[in-house]
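Asker: If you scroll down you'll find the structure; I have some questions about it.
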Amino acid sequence: MFLWDVKDLGLTGNKVEKILEWVYIFANKNSIKGDKNPMSPGGLRIGTPAMTSWGFKEAEIKILAGFIERAINLAKLIQEEHKPKDLKIFVSLFEDAAYKATLDALQHEVREFTK
């Protein structure tokens, strides 16, 4: 398991958790040192035991990391363009035509990869 500080990306752990969840990658928001609000933590916890139980080796983990990177880049774009402070507003933007096709395509790739 590892804990990732996502504040330097301009995001919160709960926003990254939600966009990953949208594309069927499950991680957990997590408080980290310096957080002021436990409801909007700056960290993300990713469990590697789940990856190995699926039989993932280095090659598959690199593919998964690529999916995570793409989701986070889209989360950063949404955050930069709309600056939503509220998590519900952030998640509602996933349905916006500007982002929906990209998220749907990524979701499909993740589903196909994990079959």
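Letters A, B, ... mark the chains of the structure tokens in the order given; residue numbers begin at 1 per chain; ligand numbers begin at 1, in order shown.
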I want to know what sits within 9 Å of A:Gly10, based on only C-alpha atoms, with residues of the same chain fewer than 5 positions away left out; could you give that as a list in words?

Answerer: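 Within the cut-off, the hits are Lys76, Gln79 and Glu80 of chain A.
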
Asker: Take the residues from that selection and write them out as a PDB file, in the first residue's frame, keeping C-alpha atoms.

Answerer:
ATOM      1  CA  LYS A  76      -6.705  18.462 -13.061  1.00  0.00           C
ATOM      2  CA  GLN A  79     -10.341  21.575 -11.548  1.00  0.00           C
ATOM      3  CA  GLU A  80      -8.413  24.192 -13.544  1.00  0.00           C
TER       4      GLU A  80
END

Asker: Where does DSSP see strand (DSSP E) in stretch 30-106 of chain A, if you list the residues as a list of chain:residue names?

Answerer: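 DSSP-assigned strand (DSSP E) residues in stretch 30-106 of chain A: A:Asn30, A:Gly43, A:Leu44, A:Arg45, A:Ile46.
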
Asker: I need the chosen residues saved as a tab-separated table (two decimals), in the first residue's frame, with all heavy atoms.

Answerer:
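The resulting file, part20.tsv, is reproduced below:
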chain	number	residue	atom	x	y	z
A	30	ASN	N	-7.38	9.82	1.86
A	30	ASN	CA	-6.70	9.58	3.12
A	30	ASN	C	-6.11	10.88	3.63
A	30	ASN	O	-5.51	11.64	2.86
A	30	ASN	CB	-5.57	8.57	2.93
A	30	ASN	CG	-5.24	7.80	4.18
A	30	ASN	OD1	-5.73	6.70	4.35
A	30	ASN	ND2	-4.44	8.38	5.05
A	43	GLY	N	-4.59	13.36	0.61
A	43	GLY	CA	-3.91	12.14	0.21
A	43	GLY	C	-4.82	11.12	-0.43
A	43	GLY	O	-6.04	11.18	-0.32
A	44	LEU	N	-4.18	10.18	-1.09
A	44	LEU	CA	-4.87	9.06	-1.72
A	44	LEU	C	-4.11	7.80	-1.34
A	44	LEU	O	-2.88	7.75	-1.43
A	44	LEU	CB	-4.88	9.22	-3.24
A	44	LEU	CG	-5.68	8.18	-4.00
A	44	LEU	CD1	-7.18	8.47	-3.84
A	44	LEU	CD2	-5.31	8.20	-5.46
A	45	ARG	N	-4.84	6.77	-0.90
A	45	ARG	CA	-4.23	5.50	-0.51
A	45	ARG	C	-4.55	4.47	-1.59
A	45	ARG	O	-5.70	4.27	-1.95
A	45	ARG	CB	-4.79	5.06	0.85
A	45	ARG	CG	-4.10	3.85	1.41
A	45	ARG	CD	-4.64	3.50	2.79
A	45	ARG	NE	-5.98	2.95	2.70
A	45	ARG	CZ	-7.06	3.45	3.33
A	45	ARG	NH1	-6.97	4.52	4.08
A	45	ARG	NH2	-8.23	2.87	3.20
A	46	ILE	N	-3.52	3.83	-2.10
A	46	ILE	CA	-3.67	2.81	-3.12
A	46	ILE	C	-3.11	1.51	-2.58
A	46	ILE	O	-1.96	1.46	-2.12
A	46	ILE	CB	-2.97	3.22	-4.44
A	46	ILE	CG1	-3.61	4.51	-4.97
A	46	ILE	CG2	-3.05	2.10	-5.46
A	46	ILE	CD1	-3.00	5.03	-6.24

Asker: For atom CA of A:Ile32 and atom CA of A:Ala75, quote the distance in Å rounded to one decimal.

Answerer: 19.9 Å

Asker: Please run DSSP on the backbone and report, as an NGL selection string, all residues within chain A that come out as helix (DSSP H, G or I).

Answerer: :A and (7-9 or 13-22 or 48-53 or 58-82 or 87-95 or 97-113)

Asker: Using only C-alpha atoms for the distances, tell me which of A:Arg70, A:Lys15, A:Leu3, A:Pro38 is nearest to A:Ile89.

Answerer: A:Lys15

Asker: When you look at A:Glu60 with a cut-off of 12 Å (counting only C-alpha atoms), what residues show up, excluding the ones that are within fewer than 4 positions of it in the same chain? I need them as a compact mmCIF listing (two decimals) with C-alpha atoms, in the first residue's frame.

Answerer:
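Saved the output as result34.txt:
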# COMPACT_ATOMS: atom_id res chain seq x y z
CA MET A 51 -3.19 -5.66 -7.66
CA THR A 52 -1.12 -8.72 -6.86
CA TRP A 54 -5.39 -10.11 -9.54
CA GLY A 55 -2.09 -11.54 -10.75
CA PHE A 56 -0.68 -8.20 -11.87
CA LEU A 64 -2.81 0.58 -14.50
CA ALA A 65 -0.54 3.52 -13.64
CA GLY A 66 -1.20 4.89 -17.12
CA PHE A 67 -4.96 4.69 -16.54
CA VAL A 110 -10.21 -0.28 -17.74
CA PHE A 113 -8.18 -4.62 -19.34
CA THR A 114 -9.56 -6.23 -16.19

Asker: Pick out the closest residue to A:Lys18 from this set: A:Lys115, A:Lys36, A:Lys100, A:Lys88. Count only C-alpha atoms.

Answerer: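 Closest to A:Lys18, using only C-alpha atoms: A:Lys88.
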
Asker: Given the choices A:Leu11, A:Ala50, A:Ile19, A:Ala59, which gets closest to A:Gln107 if the distance is worked out from only C-alpha atoms?

Answerer: A:Ile19

Asker: One decimal, Å: what's the distance from atom CA of A:Thr12 over to atom CA of A:Lys57, could you say?

Answerer: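 Taking atom CA of A:Thr12 as the start and atom CA of A:Lys57 as the end point, the length is 28.7 Å.
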
Asker: For a test of reading the model, state the distance in Å between atom CA of A:Glu69 and atom CA of A:Asp86, rounded to one decimal.

Answerer: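 Interatomic distance here is 22.5 Å.
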
Asker: So, counting only C-alpha atoms, which residue among A:Glu109, A:Ile78, A:Ile72, A:Leu103 is closest to A:Val16?

Answerer: A:Ile72
